[in-house]
Every structure is written in C-alpha cells, then in structure tokens.
Amino acid sequence: MQEPKKQNYLKGAAILAAAAIFVKIIGAVYKIPIFNILDDAGIGSFQVTYSVYTLILTISTAGIPAALSRLVSAASASGNTSLVRRYFSVSLPAFMLIGVIAMLAMFLFADNLAGFMGDSLSANGIRVLAPAVLFVCVISVYRGYAQGFENMIPTAVSQVIEVICKAAFGLIAAMWLSSLNYASHLVSAGAIMGVTVGLGLCVPLLIWYKKKLDRGLPAADGITESSGKMGVLAQVMKVSIPITLSASFMAIMTVIDQKIVLGRLQELYTVWHMEIPVITEGLAKTAAEALARSQFGMYARGLTVYNLPYALVVPVSVSIIPAISAALAKGRGGEAGKIMQSSVKLVNLLAMPAGAGIAVLASPIMMALYNDPRQLTSTMMAILGAASFFVCLQYITTAVLQATGNERVSMVTFFIGAVLKIVLVYVLAGNPDFGIVGSPIGTLACFIVISSLNIVFIILRVKDKPKFGSVFIKPALCTAAMAGTAFVMYRLLHWFGSGIIGTGRFAVVICLAVSIVSAIAVYGVLIIVTRTITKEDMALIPKGEKLAKVLRIR
C-alpha cells in the first residue's frame with residue numbers, strides 16, 4: 001500500500017535550515033521597526049515578556065516534536081499503522097492539557113510573573129502571550145507527527161507563516177496603539193500580540209497537512225496490548241522529558257539572568273534616589289524600576305543584531321550531526337574528522353567576520369537602525385558583537401560533541417558557562433561603574449568559556465579531531481583585514497561625506513552600507529585567494545558545491 005512520501009534526510013535538513021534562516025531574519029526585521037516605535041521602557045517590557053513566554057514555551061513543548069518524530073518514524077518503519085495513529089491521538093489531548101494549564105498560569109498569575117521578573121508593567125504582555133503557549137503545544141504535536149515521516153515541509157511552512165504573521169500583526173498593532181498615544185508598555189503588549197496571532201493561524205494549516213499525510217497511510221492493523229493509551233503516553237514522556245530538560249537549560253538561565261540584572265539595577269538606583277531628601281522609599285523604588293526597565297531596553301536593542309550571525313550557523317550544524325554520526329558508524333574516522341574540520345572552519349568564516357563587523361561598526365549600526373547615538377548602547381552593541389561569534393562557536397562545537405557521542409559533556413560546559421554568567425552579572429550590574437553593561441560582559445564571558453571548554457573536550461575525547469590551529473588562524477587574519485577595512489572606510493566616508501550628505505541618520509546609513517559592501521568584497525577576495533575556504537568546506541552548505549564552481553573555489 002502507498003505510504004506517506006518521505007524526503008531525503010539531508011533535503012529535509014536543508015528545508016529546515018532555510019526556514020530557520022528566514023525566520024531569524026524576519027524576526028530581526030520585525031523587532032527593529034517595533035523598537036523604533038517603543039521607547040527604552042517599552043522595549044524593556046517587551047524583552048521581559050518574551051523571555052517569560054520563551055521559558056514556559058520551552059518547558060511545555062521542547063521535547064514533543066523530537067519525541068514524536070522518533071516514535072512515529074520507528075512505528076512507521078515497522079509497518080504498525082495503528083501505533084502511528086495512537087501516538088498522535090494520545091499525544092494531542094495530553095499536550096493540549098499541558099498547554100491549557102500553562103496558558104492559565106500565564107494569564108492568572110501575570111502580575112506575579114511580572115513582579116518576579118522585576119518589571120510590573122510587563123503583566124499585560126504576559127497575558128496577551130498566554131494563548132500562544134496553548135497554540136504551540138498543539139503545533140508541536142502536529143510538527144512532530146509530520147517529522148516522523150521525514151517530512152519537514154509542514155514544520156518549515158508553518159514557521160514561515162508564523163513569523164510573517166507575527167511581524168505583520170505585531171507591527172500594525174504597535175503602530176495603531178502608538179497613534180492613539182497609549183502608554184509604552186501597552187504598545188509593547190500590542191506588538192507582542194503578533195506572536196499569538198501568528199501561532200494561532202498555523203494550527204489550521206498543520207491540521208490540513210496531517211489529513212494529507214494520513215491519506216497515504218496503509219490501512220490500520222491490530223493494536224497490541226503494549227500500545228495502550230497509558231503505555232503510549234509513557235513512551236512519549238520518556239523520550240520528551242530528557243530533551244525538554246536539556247533544551248530548557250538556557251531558557252531558564254536567560255530568565256534568571258534578566259531577573260538578576262533588573263533586580264541589581266533597581267537596588268543600585270533605589271540607593272541613588274533615596275539620597276534625595278524629598279523622595280520616599282516607595283517613590284524611590286518606583287523610580288528605580290522605571291530607570292532599570294529603560295536601561296534594560298537599551299540593552300535589548302542590541303540583542304536583535306547580536307542574534308543574526310547565529311542564523312548563518314544553523315545550516316552547517318543541522319547537516320554535520322548526521323554526517324559525522326554516519327561516518328563514525330561506518331568506521332570512517334578520517335572522513336568524520338574532515339567534516340568536523342570543515343564545519344568549524346566554515347562557522348569561523350561566517351561568524352567571525354559578522355561578529356567583528358558588528359563590534360567595529362557598533363555606533364553607526366545603532367544610529368542606522370534605531371537613530372540612537374548614545375555611547376552606552378554602542379558600547380553594549382560592540383560587546384555583543386564579539387559575543388555573537390562565541391555563541392556560534394559554542395553552537396558548532398556542541399554539535400560536534402553531540403555527533404561524537406559526548407552530549408553529556410556539552411551539558412557540563414553549558415552549566416559552567418551559565419554559572420559564570422550569573423555570578424558576573426550579579427557582581428557587575430550592581431556596580432555603578434558597570435551597571436547594565438555587566439549583562440553583555442557576562443554574556444561574552446559565558447560563551448567564551450563554553451566554547452573554550454568544548455574545544456578542550458574535543459581535543460581530549462574525539463579521536464579524529466579538527467586541527468584547530470588551521471581553522472582559526474587564516475579566518476582570523478582575513479577577518480582582521482575585513483574589520484580594518486570596515487572601520488577605516490566608514491570613518492573616511494563619514495569625514496569626507498559630511499559636507500555633502502551631512503551627518504544625520506540618512507548619511508550614516510549610506511556610509512554604513514558602502515563600508516559593509518567594501519568590507520565584504522575585501523573579505524571574499526581574501527578567503528578565496530589565500531585558499532582559506534575550500535570546495536570541501538562549501539559542501540557543508542546547501543548548493544555549496546555549485547557556488548564553489550561559480551567562484552572557482554578548489
């Protein structure tokens with residue numbers, strides 16, 4: 001009988017990678033105009049709200065797609081159609097119940113959650129996002145079911161629709177509420193409403209995809225005693241809970257980090273305000289919360305750009321785990337070593353110049369995107385630029401550890417880095433000499449440590465390990481030349497062009513664009529001429545071999 005059409009694994013990985021890049025880019029584009037509408041306080045409330053939602057969302061749903069895809073795939077391969085259907089019919093109501101509980105918790109205890117995070121004005125945004133958790137619980141079951149047939153199209157399409165609707169509805173709501181002169185935290189809640197609407201619109205699409213998949217299933221067979229409802233649910237939970245715990249770790253750390261930052265800033269600013277005789281303790285705390293929220297909003301502006309280089313790493317990481325695992329399973333250690341070598345180098349080639357470019361052009365980037373000339377925001381953006389490279393490096397080195405059977409090691413390195421970040425943020429954010437700048441410093445230190453420890457463990461525990469000297473030296477030299485070009489070019493253009501196009505935001509955008517294009521051109525020529533990038537490296541990205549031929553990369 002006909003079975004649901006399956007995709008080649010690498011093709012499916014490429015589809016998900018392309019969707020992930022698109023989602024990241026649109027997600028950033030969505031935040032930039034909204035952050036231009038909101039003031040610093042509104043941005044702070046937006047970021048706090050989204051972090052609370054992300055934590056509850058991750059705990060509720062992180063393991064569902066992976067668990068269902070694995071179990072459905074195994075049942076489908078063995079021809080047990082009844083068990084395939086049972087996995088879905090049991091999982092959907094179970095995780096809908098989890099979604100309802102999480103939704104009610106967010107809605108009913110929004111004020112408590114907002115107070116716990118140190119931003120009382122984010123409660124409205126938390127309530128607006130409450131239904132989104134239920135939607136995602138439902139969506140995750142449908143996505144996991146489709147992935148069990150190695151069909152990544154429903155996941156990719158729903159992700160694209162979700163982010164487009166999120167951007168469109170969120171931006172429209174923010175513009176409308178702003179035009180009516182609503183308070184910034186209410187505009188923020190309206191902007192984040194796009195997330196809930198986008199997710200809600202994905203549900204009917206995924207229901208349609210499931211019906212389409214089911215039409216290709218063979219006729220149902222007998223159900224064995226071992227595939228009863230409770231047994232099936234136990235199997236799903238057994239697989240999903242460890243994945244959820246692993247995936248939730250960084251989300252939990254992010255919420256803890258933000259709580260510490262806002263709490264320490266409020267302590268610092270309360271002391272300042274209490275030194276003014278006419279201000280009572282209550283007024284001092286209220287003023288301190290408002291100032292801390294605004295400072296956190298300044299920091300959140302830079303997070304949008306900081307997250308962009310990560311999208312460049314997704315296709316590489318998605319493709320290398322199965323490739324390395326397959327090579328090792330066949331006893332081809334040398335081949336696995338070459339894949340590791342190329343993957344780390346390719347991430348360096350993509351993320352290193354991106355991070356360096358953000359760091360050296362931090363001030364004009366903040367001016368071009370947000371019309372923000374403040375030195376504090378530029379300083380935080382520069383630190384986050386450096387951190388963005390190490391985020392990408394830890395991501396690819398973690399993928400290497402996971403592909404070689406050392407996934408527990410990566411859990412340890414994550415924990416060490418997270419603890420270091422929390423300690424640093426606590427100490428620095430409460431120090432008047434650092435304040436909010438302590439948060440990006442903590443982020444940078446965290447990912448430097450995780451990346452370094454990952455590399456050490458790869459050297460110690462992986463047999464056919466990458467030659468880290470060669471994968472860092474040439475990309476670093478090419479990046480240095482690129483960063484120097486970007487820095488000098490922008491300064492020269494800004495200096496010579498000030499008399500022609502002025503020094504305002506438009507002039508900054510022009511100078512920045514020309515500087516970036518020039519730096520990319522210099523970098524592209526250098527990595528090809530010096531043979532820093534090879535044909536083997538290009539093979540790790542979708543259509544990379546064809547691109548290598550066009551660029552004559554050998």
# chains A, B, ... in the order shown; residues from 1 in each chain; ligands from 1

call {"tool": "residues_around", "arguments": {"residues": "Pro440 in chain A", "least_positions_apart": "6", "cutoff": "9 Å", "atoms": "only C-alpha atoms", "output": "list in words"}}
result
Tyr299, Met380, Met381, Ile383, Leu384, Ala387 and Val425 of chain A

call {"tool": "write_last_selection", "arguments": {"atoms": "C-alpha atoms", "output": "JSON list (two decimals), in the first residue's frame"}}
result
[["chain", "number", "residue", "atom", "x", "y", "z"],
["A", 299, "TYR", "CA", 20.47, 46.59, 26.14],
["A", 380, "MET", "CA", 26.91, 47.22, 24.66],
["A", 381, "MET", "CA", 26.46, 46.55, 20.93],
["A", 383, "ILE", "CA", 30.49, 43.72, 23.33],
["A", 384, "LEU", "CA", 27.52, 41.75, 21.98],
["A", 387, "ALA", "CA", 29.86, 37.62, 21.94],
["A", 425, "VAL", "CA", 26.12, 39.78, 36.06]]

call {"tool": "residues_around", "arguments": {"residues": "Ser73 in chain A", "least_positions_apart": "5", "cutoff": "10 Å", "atoms": "only C-alpha atoms", "output": "JSON, numbers by chain"}}
result
{"A": [67, 68, 78, 79, 84, 144, 145, 146, 147, 148, 149, 150]}

call {"tool": "atom_distance", "arguments": {"atom1": "CA of Gly504 in chain A", "atom2": "CA of Ser518 in chain A"}}
result
21.3 Å

call {"tool": "atom_distance", "arguments": {"atom1": "CA of Asn124 in chain A", "atom2": "CA of Ala110 in chain A"}}
result
7.4 Å

call {"tool": "select_by_dssp", "arguments": {"residues": "range 379-483 of chain A", "states": "alpha helix (DSSP H)", "output": "ChimeraX atom specification"}}
result
/A:379-403,407-429,438-461,468-483

call {"tool": "closest_atom_pairs", "arguments": {"of": "range 37-111 of chain A", "to": "range 153-175 of chain A", "cutoff": "12 Å", "atoms": "only C-alpha atoms", "output": "tab-separated table"}}
result
residue	atom	partner	partner_atom	distance
A:Ile37	CA	A:Met175	CA	7.2
A:Leu38	CA	A:Ala174	CA	8.3
A:Asp39	CA	A:Ala174	CA	11.9
A:Gly42	CA	A:Ala174	CA	10.9
A:Ile43	CA	A:Ala174	CA	11.8
A:Phe46	CA	A:Ala174	CA	11.5
A:Pro65	CA	A:Thr155	CA	9.8
A:Ser69	CA	A:Thr155	CA	11.7

call {"tool": "residues_around", "arguments": {"residues": "range 301-309 of chain A", "least_positions_apart": "3", "cutoff": "8 Å", "atoms": "only C-alpha atoms", "output": "MDAnalysis selection string"}}
result
chainID A and resid 24:25 28 31:32 35 43 297:298 312:313 350:351 354:355 358 366 377 380:381 384:385 387:389 392

call {"tool": "atom_distance", "arguments": {"atom1": "CA of Pro364 in chain A", "atom2": "CA of Phe447 in chain A"}}
result
25.3 Å

call {"tool": "closest_residue", "arguments": {"among": "A:Val100, A:Met482, A:Ala94, A:Leu206", "to": "Val522 in chain A", "atoms": "only C-alpha atoms"}}
result
A:Met482

call {"tool": "residues_around", "arguments": {"residues": "Met230 in chain A", "least_positions_apart": "5", "cutoff": "10 Å", "atoms": "only C-alpha atoms", "output": "JSON list (two decimals) with N, CA and C atoms, in the first residue's frame"}}
result
[["chain", "number", "residue", "atom", "x", "y", "z"],
["A", 90, "VAL", "N", -3.05, 10.04, 21.30],
["A", 90, "VAL", "CA", -2.77, 10.16, 22.73],
["A", 90, "VAL", "C", -2.02, 11.45, 23.04],
["A", 235, "GLN", "N", 5.72, 6.25, 26.76],
["A", 235, "GLN", "CA", 6.83, 6.26, 25.79],
["A", 235, "GLN", "C", 7.16, 7.68, 25.34],
["A", 236, "VAL", "N", 6.11, 8.45, 25.04],
["A", 236, "VAL", "CA", 6.33, 9.83, 24.58],
["A", 236, "VAL", "C", 7.01, 10.65, 25.67]]

call {"tool": "closest_residue", "arguments": {"among": "A:Phe487, A:Lys465, A:Gly198, A:Ala290", "to": "Cys511 in chain A", "atoms": "only C-alpha atoms"}}
result
A:Phe487

call {"tool": "residues_around", "arguments": {"residues": "Ala368 in chain A", "least_positions_apart": "6", "cutoff": "10 Å", "atoms": "only C-alpha atoms", "output": "PyMOL selection string"}}
result
chain A and resi 362+504-513

call {"tool": "write_last_selection", "arguments": {"atoms": "N, CA and C atoms", "output": "compact mmCIF listing (two decimals), in the first residue's frame"}}
result
# COMPACT_ATOMS: atom_id res chain seq x y z
N ALA A 362 29.63 49.24 15.62
CA ALA A 362 28.52 49.27 16.58
C ALA A 362 27.80 50.61 16.60
N GLY A 504 23.53 63.22 9.56
CA GLY A 504 22.32 62.65 10.15
C GLY A 504 22.18 61.17 9.90
N ARG A 505 21.00 60.66 10.21
CA ARG A 505 20.76 59.22 10.10
C ARG A 505 20.89 58.72 8.67
N PHE A 506 20.38 59.48 7.72
CA PHE A 506 20.47 59.07 6.31
C PHE A 506 21.93 58.96 5.87
N ALA A 507 22.74 59.93 6.27
CA ALA A 507 24.16 59.91 5.92
C ALA A 507 24.85 58.70 6.55
N VAL A 508 24.49 58.40 7.78
CA VAL A 508 25.08 57.23 8.46
C VAL A 508 24.72 55.94 7.72
N VAL A 509 23.47 55.84 7.29
CA VAL A 509 23.03 54.64 6.55
C VAL A 509 23.83 54.47 5.28
N ILE A 510 24.03 55.55 4.52
CA ILE A 510 24.79 55.48 3.27
C ILE A 510 26.23 55.06 3.54
N CYS A 511 26.87 55.72 4.47
CA CYS A 511 28.27 55.41 4.79
C CYS A 511 28.41 53.98 5.31
N LEU A 512 27.46 53.56 6.12
CA LEU A 512 27.50 52.21 6.69
C LEU A 512 27.34 51.17 5.59
N ALA A 513 26.39 51.39 4.69
CA ALA A 513 26.15 50.42 3.61
C ALA A 513 27.37 50.26 2.72

call {"tool": "closest_residue", "arguments": {"among": "A:Val462, A:Met411, A:Leu424, A:Ala445", "to": "Ala336 in chain A", "atoms": "only C-alpha atoms"}}
result
A:Val462

call {"tool": "closest_residue", "arguments": {"among": "A:Leu547, A:Leu401, A:Met103, A:Ile436", "to": "Ser294 in chain A", "atoms": "only C-alpha atoms"}}
result
A:Ile436

call {"tool": "residues_around", "arguments": {"residues": "Ala327 in chain A", "least_positions_apart": "6", "cutoff": "12 Å", "atoms": "only C-alpha atoms", "output": "PyMOL selection string"}}
result
chain A and resi 320-321+333-340+403-404+464

call {"tool": "write_last_selection", "arguments": {"atoms": "N, CA and C atoms", "output": "short mmCIF file (atom, residue, chain, number, x, y, z; two decimals), in the first residue's frame"}}
result
data_model
loop_
_atom_site.label_atom_id
_atom_site.label_comp_id
_atom_site.auth_asym_id
_atom_site.auth_seq_id
_atom_site.Cartn_x
_atom_site.Cartn_y
_atom_site.Cartn_z
N ILE A 320 25.83 18.62 9.84
CA ILE A 320 27.03 17.87 10.24
C ILE A 320 26.74 16.75 11.23
N ILE A 321 25.70 16.89 12.07
CA ILE A 321 25.44 15.85 13.07
C ILE A 321 25.15 14.50 12.42
N GLY A 333 36.64 7.13 10.38
CA GLY A 333 37.05 8.19 11.29
C GLY A 333 37.70 9.36 10.59
N GLY A 334 38.48 9.07 9.55
CA GLY A 334 39.13 10.16 8.81
C GLY A 334 38.13 11.06 8.12
N GLU A 335 37.09 10.45 7.55
CA GLU A 335 36.04 11.24 6.90
C GLU A 335 35.30 12.11 7.92
N ALA A 336 35.01 11.51 9.10
CA ALA A 336 34.35 12.27 10.16
C ALA A 336 35.21 13.45 10.60
N GLY A 337 36.52 13.21 10.71
CA GLY A 337 37.44 14.28 11.10
C GLY A 337 37.45 15.42 10.11
N LYS A 338 37.39 15.09 8.80
CA LYS A 338 37.37 16.14 7.77
C LYS A 338 36.09 16.97 7.86
N ILE A 339 34.97 16.29 8.14
CA ILE A 339 33.69 17.02 8.27
C ILE A 339 33.75 17.97 9.46
N MET A 340 34.29 17.49 10.57
CA MET A 340 34.44 18.35 11.76
C MET A 340 35.33 19.56 11.44
N ALA A 403 27.48 14.84 18.04
CA ALA A 403 27.62 13.89 16.93
C ALA A 403 28.60 12.77 17.26
N THR A 404 29.54 13.03 18.16
CA THR A 404 30.54 12.02 18.51
C THR A 404 30.21 11.30 19.81
N ASP A 464 39.50 11.56 15.86
CA ASP A 464 39.89 12.28 14.63
C ASP A 464 39.44 13.73 14.74
#

call {"tool": "closest_residue", "arguments": {"among": "A:Met106, A:Ile56, A:Val550, A:Met489", "to": "Cys137 in chain A", "atoms": "only C-alpha atoms"}}
result
A:Ile56

call {"tool": "closest_residue", "arguments": {"among": "A:Ser439, A:Thr379, A:Asn348, A:Ser82", "to": "Leu262 in chain A", "atoms": "only C-alpha atoms"}}
result
A:Ser439
